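Peer 1: Quick one, coords.txt (compact mmCIF, C-alpha atoms and all ligand atoms):
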# COMPACT_ATOMS: atom_id res chain seq x y z
CA MET A 1 -16.34 14.01 -9.62
CA SER A 2 -13.41 12.04 -8.12
CA THR A 3 -13.54 8.26 -8.58
CA LYS A 4 -11.19 7.68 -5.67
CA PRO A 5 -12.64 5.74 -2.71
CA ARG A 6 -13.83 8.04 0.05
CA VAL A 7 -12.31 7.23 3.44
CA ALA A 8 -13.54 8.32 6.88
CA VAL A 9 -11.75 7.73 10.19
CA PHE A 10 -13.70 7.42 13.46
CA ASP A 11 -12.72 6.87 17.08
CA PHE A 12 -14.39 5.39 20.15
CA ALA A 13 -12.80 4.47 23.52
CA ASP A 14 -9.05 4.67 22.99
CA CYS A 15 -5.95 6.82 23.35
CA GLU A 16 -6.00 7.89 19.66
CA GLY A 17 -2.45 6.55 19.28
CA CYS A 18 -3.35 4.62 16.14
CA GLU A 19 -4.82 7.71 14.50
CA LEU A 20 -1.64 9.51 15.49
CA GLN A 21 0.31 6.85 13.63
CA ILE A 22 -1.65 7.80 10.50
CA ALA A 23 -1.02 11.51 11.09
CA ASN A 24 2.66 10.67 11.62
CA LEU A 25 2.88 9.39 8.04
CA GLU A 26 3.50 13.10 7.32
CA GLU A 27 4.57 13.56 3.68
CA GLU A 28 3.91 9.88 2.90
CA ILE A 29 0.23 10.63 3.44
CA LEU A 30 0.42 12.57 0.15
CA ASP A 31 1.00 9.25 -1.67
CA LEU A 32 -2.18 7.89 -0.09
CA LEU A 33 -4.10 11.00 -1.11
CA GLU A 34 -3.25 10.14 -4.73
CA ILE A 35 -5.46 7.05 -4.42
CA VAL A 36 -8.11 7.92 -1.78
CA ASP A 37 -10.09 10.97 -0.64
CA ILE A 38 -10.17 11.46 3.13
CA VAL A 39 -13.58 12.95 3.92
CA SER A 40 -13.59 12.76 7.72
CA PHE A 41 -10.78 12.46 10.28
CA ARG A 42 -11.48 14.45 13.43
CA GLU A 43 -7.91 14.32 14.70
CA VAL A 44 -6.44 16.15 11.71
CA MET A 45 -9.22 18.01 9.88
CA LYS A 46 -12.42 19.90 10.64
CA GLU A 47 -14.41 18.88 7.55
CA HIS A 48 -16.82 15.95 7.83
CA SER A 49 -18.96 14.05 5.34
CA ASP A 50 -21.36 11.17 5.92
CA GLU A 51 -20.71 9.91 2.38
CA TYR A 52 -17.84 7.42 2.48
CA ASP A 53 -16.88 4.05 1.04
CA ILE A 54 -14.33 2.93 3.61
CA ALA A 55 -14.82 3.52 7.35
CA ILE A 56 -11.75 3.10 9.54
CA VAL A 57 -12.79 2.60 13.15
CA GLU A 58 -10.43 3.02 16.09
CA GLY A 59 -11.35 2.25 19.70
CA SER A 60 -13.45 -0.19 21.65
CA ILE A 61 -17.15 0.01 22.29
CA MET A 62 -18.33 0.79 25.82
CA ARG A 63 -21.78 2.40 25.80
CA PRO A 64 -25.18 1.94 24.16
CA MET A 65 -24.65 5.32 22.44
CA ASP A 66 -21.38 3.99 20.97
CA GLU A 67 -23.14 0.91 19.58
CA LYS A 68 -25.78 3.11 17.96
CA ARG A 69 -23.14 5.35 16.37
CA LEU A 70 -21.09 2.36 15.20
CA LYS A 71 -24.13 0.74 13.58
CA TYR A 72 -24.82 4.00 11.73
CA ILE A 73 -21.20 4.14 10.51
CA ARG A 74 -21.47 0.50 9.36
CA SER A 75 -24.70 1.26 7.49
CA LYS A 76 -22.96 4.02 5.48
CA ALA A 77 -19.73 2.14 4.68
CA LYS A 78 -19.08 -0.45 1.97
CA ILE A 79 -15.95 -1.59 3.81
CA LEU A 80 -15.28 -1.32 7.53
CA VAL A 81 -11.71 -1.60 8.83
CA ALA A 82 -10.98 -2.05 12.56
CA LEU A 83 -7.87 -0.06 13.49
CA GLY A 84 -5.62 -1.03 16.39
CA ALA A 85 -5.96 -3.38 19.35
CA CYS A 86 -8.80 -1.42 21.03
CA ALA A 87 -10.96 -1.99 17.94
CA THR A 88 -9.68 -5.38 16.76
CA ILE A 89 -9.67 -7.28 20.07
CA GLY A 90 -10.95 -4.85 22.70
CA GLY A 91 -7.35 -4.18 23.79
CA VAL A 92 -6.39 -2.87 27.19
CA ASN A 93 -9.94 -1.56 27.66
CA LYS A 94 -11.13 -5.14 28.07
CA ILE A 95 -9.13 -5.59 31.26
CA ARG A 96 -12.00 -3.90 33.09
CA ASN A 97 -14.40 -6.66 32.00
CA GLN A 98 -13.23 -8.65 35.00
CA TRP A 99 -15.38 -6.31 37.12
CA MET A 100 -19.01 -5.27 36.77
CA PRO A 101 -19.44 -1.84 35.07
CA GLU A 102 -21.14 -0.48 38.23
CA GLU A 103 -18.08 -1.37 40.34
CA VAL A 104 -15.74 0.37 37.88
CA MET A 105 -17.97 3.46 37.79
CA LYS A 106 -18.01 3.64 41.57
CA ASP A 107 -14.24 3.34 41.81
CA VAL A 108 -13.63 6.02 39.20
CA TYR A 109 -16.44 8.53 39.85
CA GLY A 110 -17.29 7.83 43.49
CA ASN A 111 -20.45 9.65 44.46
CA ALA A 112 -20.46 12.10 41.53
CA LYS A 113 -23.93 12.60 40.06
CA VAL A 114 -23.62 10.72 36.76
CA LYS A 115 -26.70 8.52 36.95
CA GLY A 116 -29.02 9.02 33.96
CA ASN A 117 -26.26 10.73 31.92
CA GLU A 118 -25.82 8.62 28.78
CA LEU A 119 -22.17 9.64 28.51
CA PHE A 120 -21.56 7.59 31.66
CA ASN A 121 -23.87 4.71 30.81
CA VAL A 122 -21.19 2.04 30.28
CA ASN A 123 -21.49 -1.66 29.50
CA LYS A 124 -18.80 -4.30 29.29
CA THR A 125 -16.13 -3.39 26.73
CA LYS A 126 -16.53 -4.86 23.24
CA ALA A 127 -14.28 -5.12 20.22
CA VAL A 128 -15.84 -3.64 17.06
CA ASN A 129 -16.71 -7.05 15.58
CA GLU A 130 -18.79 -7.85 18.66
CA VAL A 131 -21.22 -5.13 17.52
CA VAL A 132 -21.03 -4.98 13.70
CA PRO A 133 -19.35 -7.05 10.96
CA VAL A 134 -15.74 -6.06 10.26
CA ASP A 135 -14.19 -6.58 6.81
CA TYR A 136 -10.50 -6.03 7.57
CA TYR A 137 -8.27 -5.66 10.61
CA ILE A 138 -5.17 -3.56 11.16
CA HIS A 139 -3.67 -4.94 14.35
CA GLY A 140 -1.32 -3.53 16.97
CA CYS A 141 -1.05 -1.06 19.82
CA PRO A 142 -0.28 1.14 18.12
CA ILE A 143 -0.62 0.04 14.49
CA ASP A 144 2.39 -0.29 12.22
CA ARG A 145 2.44 2.59 9.71
CA ASP A 146 3.74 0.45 6.83
CA GLU A 147 0.94 -2.05 7.39
CA PHE A 148 -1.61 0.78 7.37
CA LYS A 149 -0.29 1.99 4.00
CA HIS A 150 -0.36 -1.57 2.66
CA VAL A 151 -3.98 -2.14 3.72
CA ILE A 152 -5.31 1.17 2.41
CA THR A 153 -3.42 0.83 -0.88
CA ALA A 154 -4.76 -2.69 -1.41
CA LEU A 155 -8.34 -1.63 -0.65
CA ALA A 156 -8.09 1.41 -2.92
CA LEU A 157 -6.94 -0.90 -5.73
CA GLY A 158 -9.79 -3.33 -5.03
CA LYS A 159 -7.47 -6.03 -3.68
CA LYS A 160 -7.52 -8.06 -0.48
CA PRO A 161 -4.77 -6.90 1.88
CA GLU A 162 -2.53 -9.67 3.17
CA ILE A 163 -2.07 -9.70 6.95
CA PRO A 164 0.33 -12.27 8.46
CA THR A 165 -1.26 -15.27 10.13
CA TYR A 166 1.96 -16.73 11.54
CA PRO A 167 3.41 -15.90 14.98
CA VAL A 168 5.79 -13.08 15.97
CA CYS A 169 8.56 -15.67 16.51
CA VAL A 170 8.90 -15.99 12.71
CA GLU A 171 9.77 -12.30 12.32
CA CYS A 172 11.91 -12.44 15.45
CA LYS A 173 13.97 -15.29 13.98
CA LYS A 174 14.31 -13.39 10.69
CA ASN A 175 15.82 -10.56 12.72
CA GLU A 176 18.32 -13.10 14.14
CA ASN A 177 17.41 -12.22 17.74
CA VAL A 178 18.46 -14.31 20.69
CA CYS A 179 15.19 -15.60 22.14
CA LEU A 180 14.16 -13.67 25.26
CA PHE A 181 13.24 -16.93 27.04
CA GLU A 182 17.00 -17.63 26.96
CA ARG A 183 17.48 -14.33 28.80
CA GLY A 184 15.00 -15.29 31.52
CA MET A 185 12.06 -13.30 30.15
CA TYR A 186 8.57 -14.46 29.18
CA CYS A 187 7.44 -13.60 25.68
CA LEU A 188 4.04 -14.14 24.02
CA GLY A 189 5.63 -14.25 20.55
CA PRO A 190 4.82 -17.95 19.97
CA ILE A 191 1.05 -17.34 20.13
CA THR A 192 0.80 -13.74 18.86
CA ARG A 193 0.04 -12.70 15.27
CA ALA A 194 3.06 -11.26 13.45
CA GLY A 195 3.17 -8.12 11.31
CA CYS A 196 4.95 -5.72 13.68
CA LYS A 197 8.39 -6.88 12.51
CA ALA A 198 8.84 -8.28 16.06
CA ILE A 199 9.59 -4.76 17.20
CA CYS A 200 9.43 -5.50 20.96
CA PRO A 201 11.72 -8.56 21.18
CA THR A 202 14.09 -6.97 18.66
CA ASN A 203 14.48 -4.09 21.11
CA GLY A 204 14.80 -6.33 24.17
CA SER A 205 11.20 -6.27 25.44
CA PRO A 206 8.96 -9.33 25.50
CA CYS A 207 5.92 -9.47 23.23
CA GLU A 208 2.75 -8.68 25.21
CA GLY A 209 0.35 -9.89 22.51
CA CYS A 210 -0.99 -6.56 21.22
CA ARG A 211 -1.72 -7.94 17.73
CA GLY A 212 -4.00 -10.62 19.14
CA LEU A 213 -3.56 -14.35 19.05
CA VAL A 214 -2.74 -16.38 15.98
CA LYS A 215 -5.79 -18.29 14.78
CA LYS A 216 -4.18 -21.66 15.29
CA ALA A 217 -1.14 -21.71 17.50
CA GLU A 218 1.23 -24.63 16.94
CA THR A 219 0.29 -26.08 20.30
CA GLU A 220 3.02 -28.72 20.26
CA CYS A 221 5.68 -26.05 19.84
CA VAL A 222 4.10 -23.90 22.55
CA TRP A 223 4.07 -26.85 24.99
CA GLU A 224 7.68 -27.55 24.08
CA VAL A 225 8.62 -23.94 24.89
CA LEU A 226 6.77 -24.15 28.23
CA GLU A 227 8.44 -27.40 29.16
CA ARG A 228 11.89 -26.27 28.09
CA TYR A 229 11.71 -23.22 30.35
CA ASN A 230 9.83 -24.93 33.17
CA LEU A 231 6.68 -22.83 32.74
CA SER A 232 3.01 -23.70 32.97
CA TYR A 233 -0.16 -23.03 30.99
CA GLU A 234 -1.22 -20.85 33.94
CA ASP A 235 1.81 -18.62 33.22
CA ILE A 236 0.57 -18.01 29.67
CA ARG A 237 -2.96 -17.39 30.86
CA ARG A 238 -1.76 -14.73 33.32
CA ARG A 239 0.42 -13.08 30.68
CA CYS A 240 -2.45 -12.84 28.22
CA THR A 241 -4.53 -10.48 30.32
CA MET A 242 -3.01 -7.20 29.13
CA TYR A 243 -4.31 -7.38 25.55
CA ASN A 244 -6.29 -10.58 25.26
CA TYR A 245 -8.42 -10.53 28.40
CA GLY A 246 -11.38 -12.88 28.24
CA ARG A 247 -10.29 -14.77 25.12
CA ALA A 248 -10.99 -18.48 25.31
CA GLU A 249 -7.55 -19.28 23.89
CA CYS A 250 -6.09 -17.61 26.98
CA GLY A 251 -8.06 -19.77 29.35
CA ALA A 252 -11.17 -17.61 29.90
CA GLN A 253 -14.22 -19.54 31.03
S1 LIG B 301 -4.71 0.27 20.08
FE1 LIG B 301 -3.28 1.18 21.54
S2 LIG B 301 -2.42 2.97 20.47
FE2 LIG B 301 -4.26 2.32 19.34
S3 LIG B 301 -5.87 3.59 20.19
FE3 LIG B 301 -5.89 1.67 21.35
S4 LIG B 301 -4.56 2.07 23.14
FE4 LIG B 301 -4.17 3.67 21.65
S1 LIG B 302 9.51 -16.20 22.07
FE1 LIG B 302 9.73 -13.99 21.76
S2 LIG B 302 11.92 -13.60 21.82
FE2 LIG B 302 11.64 -15.81 21.54
S3 LIG B 302 11.71 -16.08 19.32
FE3 LIG B 302 9.57 -15.85 19.87
S4 LIG B 302 9.19 -13.67 19.63
FE4 LIG B 302 11.37 -13.92 19.70
S1 LIG B 303 6.07 -7.70 19.53
FE1 LIG B 303 4.08 -8.25 20.39
S2 LIG B 303 3.55 -6.57 21.78
FE2 LIG B 303 5.23 -5.87 20.46
S3 LIG B 303 4.21 -4.84 18.75
FE3 LIG B 303 4.55 -6.97 18.14
S4 LIG B 303 2.66 -8.04 18.70
FE4 LIG B 303 2.67 -6.10 19.80
Could you take the file, read its structure, and then write that structure out as structure tokens?
Ligand code: SF4
Ligand code: SF4
Ligand code: SF4

Peer 2:
Amino acid sequence: MSTKPRVAVFDFADCEGCELQIANLEEEILDLLEIVDIVSFREVMKEHSDEYDIAIVEGSIMRPMDEKRLKYIRSKAKILVALGACATIGGVNKIRNQWMPEEVMKDVYGNAKVKGNELFNVNKTKAVNEVVPVDYYIHGCPIDRDEFKHVITALALGKKPEIPTYPVCVECKKNENVCLFERGMYCLGPITRAGCKAICPTNGSPCEGCRGLVKKAETECVWEVLERYNLSYEDIRRRCTMYNYGRAECGAQ
């Protein structure tokens, strides 16, 4: 019997873009198959096994039935990895937490008869770690393929994967970019976790914070940036809502 770790990939509320990033590894996925066995991955294969060591979970958690399924997955896995912003921080799905679930349901489904149907029984959106313990996080919307390979390789070798804890600005400076604030834009790079190679600012778009916030932002530097460009804390708070809605660091009550 194979001694390679058995890996299963699961999805909840999401666009499946992060799973697609894995599928898009194409021939590079063969290198990963040298060190792990993939036993379940609905997007690319029909086989499924409930015997796995590493569960990779994409998507945020919306319904009681999702929580039940996630707890079952957690109970079977030795290691649980949250994949992508929906799973790691709740992502864009959390934007709807500013309204009550009943209001959202009414807006979307109107008078359709969905009451009592558990598929439509939604709560507030949760990130995966708000329901079960998470061992490792692969951030981003979507994830970075190289980072995915790094994390899975490290786990397969029994090592702890290193994920950057510094802000996007560090990678942006390494790329020798002119700061977008200088071009009149507003970028969340100073408070967002790096690891994406600063892909957005490098291509002329401001960072929107999809990798979540750094644990401890250098607040003095952030205030200096705000002052230099005549911006306020309220500006940051507003900007944070796309990916970091409801996070205390972004001014949530
Ligand atoms: S994190 Fe982004 S790309 Fe990944 S599943 Fe969620 S919405 Fe899609
Ligand atoms: S604020 Fe944005 S554009 Fe400016 S250095 Fe930081 S990441 Fe780059
Ligand atoms: S630059 Fe910001 S928004 Fe763009 S991928 Fe990186 S963390 Fe996400």

Peer 1: So what do you get for atom CA of Tyr136 of chain A versus atom CA of Lys68 of chain A, distance-wise?

Peer 2: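 Separation of atom CA of Tyr136 of chain A and atom CA of Lys68 of chain A: 20.6 Å.
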
Peer 1: Mind listing whatever residues come within 12 Å of the point (-13.0, 14.6, 11.9)? Use only C-alpha atoms, file coordinates, and give them as a ChimeraX atom specification.

Peer 2: /A:7-11,19,38-50,56

Peer 1: Can you pull out every residue with an atom within 7 Å of ligand LIG 302 (chain B)? Use all atoms listed in the file and format it as a list in words.

Peer 2: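 Every residue with an atom at most 7 Å from ligand LIG 302 (chain B) is listed here: Val168, Cys169, Cys172, Lys173, Asn177, Val178, Cys179, Leu180, Phe181, Cys187, Leu188, Gly189, Pro190, Ala198, Pro201, Pro206 and Cys207 of chain A.
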
Peer 1: Please extract the residues at most 10 Å from ligand LIG 301 (chain B), counting only C-alpha atoms and all ligand atoms, and provide them as a PDB file with C-alpha atoms, in the frame of the given file, using the chain letters and residue numbers of this document.

Peer 2:
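That gives us selection.pdb:
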ATOM      1  CA  ASP A  11     -12.720   6.870  17.080  1.00  0.00           C
ATOM      2  CA  PHE A  12     -14.390   5.390  20.150  1.00  0.00           C
ATOM      3  CA  ALA A  13     -12.800   4.470  23.520  1.00  0.00           C
ATOM      4  CA  ASP A  14      -9.050   4.670  22.990  1.00  0.00           C
ATOM      5  CA  CYS A  15      -5.950   6.820  23.350  1.00  0.00           C
ATOM      6  CA  GLU A  16      -6.000   7.890  19.660  1.00  0.00           C
ATOM      7  CA  GLY A  17      -2.450   6.550  19.280  1.00  0.00           C
ATOM      8  CA  CYS A  18      -3.350   4.620  16.140  1.00  0.00           C
ATOM      9  CA  GLU A  19      -4.820   7.710  14.500  1.00  0.00           C
ATOM     10  CA  LEU A  20      -1.640   9.510  15.490  1.00  0.00           C
ATOM     11  CA  GLN A  21       0.310   6.850  13.630  1.00  0.00           C
ATOM     12  CA  VAL A  57     -12.790   2.600  13.150  1.00  0.00           C
ATOM     13  CA  GLU A  58     -10.430   3.020  16.090  1.00  0.00           C
ATOM     14  CA  GLY A  59     -11.350   2.250  19.700  1.00  0.00           C
ATOM     15  CA  SER A  60     -13.450  -0.190  21.650  1.00  0.00           C
ATOM     16  CA  LEU A  83      -7.870  -0.060  13.490  1.00  0.00           C
ATOM     17  CA  GLY A  84      -5.620  -1.030  16.390  1.00  0.00           C
ATOM     18  CA  ALA A  85      -5.960  -3.380  19.350  1.00  0.00           C
ATOM     19  CA  CYS A  86      -8.800  -1.420  21.030  1.00  0.00           C
ATOM     20  CA  ALA A  87     -10.960  -1.990  17.940  1.00  0.00           C
ATOM     21  CA  THR A  88      -9.680  -5.380  16.760  1.00  0.00           C
ATOM     22  CA  ILE A  89      -9.670  -7.280  20.070  1.00  0.00           C
ATOM     23  CA  GLY A  90     -10.950  -4.850  22.700  1.00  0.00           C
ATOM     24  CA  GLY A  91      -7.350  -4.180  23.790  1.00  0.00           C
ATOM     25  CA  VAL A  92      -6.390  -2.870  27.190  1.00  0.00           C
ATOM     26  CA  ASN A  93      -9.940  -1.560  27.660  1.00  0.00           C
ATOM     27  CA  ILE A 138      -5.170  -3.560  11.160  1.00  0.00           C
ATOM     28  CA  HIS A 139      -3.670  -4.940  14.350  1.00  0.00           C
ATOM     29  CA  GLY A 140      -1.320  -3.530  16.970  1.00  0.00           C
ATOM     30  CA  CYS A 141      -1.050  -1.060  19.820  1.00  0.00           C
ATOM     31  CA  PRO A 142      -0.280   1.140  18.120  1.00  0.00           C
ATOM     32  CA  ILE A 143      -0.620   0.040  14.490  1.00  0.00           C
ATOM     33  CA  CYS A 210      -0.990  -6.560  21.220  1.00  0.00           C
ATOM     34  CA  ARG A 211      -1.720  -7.940  17.730  1.00  0.00           C
ATOM     35  CA  TYR A 243      -4.310  -7.380  25.550  1.00  0.00           C
TER      36      TYR A 243
END

Peer 1: Tell me which of A:Tyr229, A:Tyr72, A:Trp223, A:Tyr186 sits closest to ligand LIG 303 (chain B), counting all atoms listed in the file.

Peer 2: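 For ligand LIG 303 (chain B), the nearest of the given residues is A:Tyr186.
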
Peer 1: Between A:Leu33, A:Val81, A:Leu119, A:Leu213, which residue has the minimum interatomic distance to ligand LIG 303 (chain B), considering only C-alpha atoms and all ligand atoms?

Peer 2: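 Closest to ligand LIG 303 (chain B) of all the choices is A:Leu213.
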
Peer 1: At what distance in Å, to one decimal, does atom CA of Pro167 of chain A lie from atom S4 of ligand LIG 303 (chain B)?

Peer 2: 8.7 Å

Peer 1: Rounded to one decimal, what separation in Å do you get between atom CA of Ala127 of chain A and atom CA of Tyr52 of chain A?

Peer 2: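 Answer for the atom CA of Ala127 of chain A to atom CA of Tyr52 of chain A separation: 22.0 Å.
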
Peer 1: How would segment 126-137 of chain A of the given structure read as a file with all heavy atoms, as a CSV table (one decimal), in the first residue's frame?

Peer 2:
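Heads up, here's the output in selection_13.csv:
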chain,number,residue,atom,x,y,z
A,126,LYS,N,-19.5,32.3,7.3
A,126,LYS,CA,-18.3,32.1,8.2
A,126,LYS,C,-17.1,31.7,7.4
A,126,LYS,O,-17.3,30.9,6.4
A,126,LYS,CB,-18.6,31.0,9.2
A,126,LYS,CG,-19.7,31.5,10.2
A,126,LYS,CD,-20.0,30.3,11.2
A,126,LYS,CE,-21.1,30.7,12.1
A,126,LYS,NZ,-21.6,29.5,12.9
A,127,ALA,N,-15.9,32.1,7.9
A,127,ALA,CA,-14.7,31.5,7.3
A,127,ALA,C,-14.6,30.1,8.0
A,127,ALA,O,-15.3,29.8,9.0
A,127,ALA,CB,-13.5,32.3,7.7
A,128,VAL,N,-13.8,29.2,7.4
A,128,VAL,CA,-13.7,27.8,7.9
A,128,VAL,C,-13.3,27.7,9.3
A,128,VAL,O,-13.8,27.0,10.1
A,128,VAL,CB,-12.7,27.0,7.0
A,128,VAL,CG1,-12.4,25.7,7.6
A,128,VAL,CG2,-13.3,26.8,5.6
A,129,ASN,N,-12.3,28.6,9.8
A,129,ASN,CA,-11.9,28.5,11.1
A,129,ASN,C,-12.9,29.0,12.2
A,129,ASN,O,-12.6,29.0,13.4
A,129,ASN,CB,-10.5,29.2,11.3
A,129,ASN,CG,-10.6,30.7,11.3
A,129,ASN,OD1,-11.7,31.3,10.9
A,129,ASN,ND2,-9.6,31.4,11.6
A,130,GLU,N,-14.0,29.6,11.7
A,130,GLU,CA,-15.1,30.0,12.6
A,130,GLU,C,-15.9,28.8,13.0
A,130,GLU,O,-16.8,28.9,13.8
A,130,GLU,CB,-15.9,31.1,12.0
A,130,GLU,CG,-15.1,32.4,12.0
A,130,GLU,CD,-15.9,33.5,11.3
A,130,GLU,OE1,-16.7,34.2,11.9
A,130,GLU,OE2,-15.7,33.7,10.0
A,131,VAL,N,-15.7,27.6,12.3
A,131,VAL,CA,-16.5,26.4,12.5
A,131,VAL,C,-15.6,25.3,13.1
A,131,VAL,O,-16.0,24.6,14.0
A,131,VAL,CB,-17.2,26.0,11.2
A,131,VAL,CG1,-18.0,24.7,11.5
A,131,VAL,CG2,-18.1,27.1,10.7
A,132,VAL,N,-14.5,25.1,12.5
A,132,VAL,CA,-13.6,24.0,12.9
A,132,VAL,C,-12.1,24.5,13.0
A,132,VAL,O,-11.8,25.5,12.3
A,132,VAL,CB,-13.6,22.8,12.0
A,132,VAL,CG1,-15.0,22.1,11.9
A,132,VAL,CG2,-13.1,23.2,10.6
A,133,PRO,N,-11.2,23.9,13.7
A,133,PRO,CA,-9.8,24.3,13.7
A,133,PRO,C,-9.2,24.1,12.3
A,133,PRO,O,-9.4,23.1,11.7
A,133,PRO,CB,-9.2,23.4,14.8
A,133,PRO,CG,-10.3,22.9,15.6
A,133,PRO,CD,-11.5,22.8,14.7
A,134,VAL,N,-8.4,25.1,11.9
A,134,VAL,CA,-7.7,25.0,10.7
A,134,VAL,C,-6.2,24.9,11.0
A,134,VAL,O,-5.7,25.6,11.8
A,134,VAL,CB,-7.9,26.3,9.8
A,134,VAL,CG1,-7.0,26.4,8.6
A,134,VAL,CG2,-9.4,26.3,9.3
A,135,ASP,N,-5.4,24.1,10.3
A,135,ASP,CA,-4.0,23.9,10.5
A,135,ASP,C,-3.2,24.8,9.7
A,135,ASP,O,-2.2,25.4,10.2
A,135,ASP,CB,-3.6,22.4,10.3
A,135,ASP,CG,-4.4,21.5,11.2
A,135,ASP,OD1,-4.2,21.6,12.4
A,135,ASP,OD2,-5.1,20.7,10.7
A,136,TYR,N,-3.5,25.0,8.4
A,136,TYR,CA,-2.7,25.8,7.5
A,136,TYR,C,-3.7,26.6,6.6
A,136,TYR,O,-4.8,26.1,6.3
A,136,TYR,CB,-1.8,25.0,6.7
A,136,TYR,CG,-0.8,24.3,7.6
A,136,TYR,CD1,-0.9,22.9,7.9
A,136,TYR,CD2,0.3,25.0,8.2
A,136,TYR,CE1,0.0,22.3,8.7
A,136,TYR,CE2,1.2,24.4,9.0
A,136,TYR,CZ,1.0,23.0,9.3
A,136,TYR,OH,1.9,22.4,10.1
A,137,TYR,N,-3.1,27.7,6.1
A,137,TYR,CA,-3.9,28.6,5.2
A,137,TYR,C,-3.2,28.8,3.9
A,137,TYR,O,-2.0,29.1,3.9
A,137,TYR,CB,-4.2,30.0,5.9
A,137,TYR,CG,-5.0,29.9,7.2
A,137,TYR,CD1,-4.4,29.6,8.4
A,137,TYR,CD2,-6.4,30.1,7.2
A,137,TYR,CE1,-5.1,29.5,9.6
A,137,TYR,CE2,-7.1,30.0,8.3
A,137,TYR,CZ,-6.5,29.7,9.5
A,137,TYR,OH,-7.2,29.6,10.7
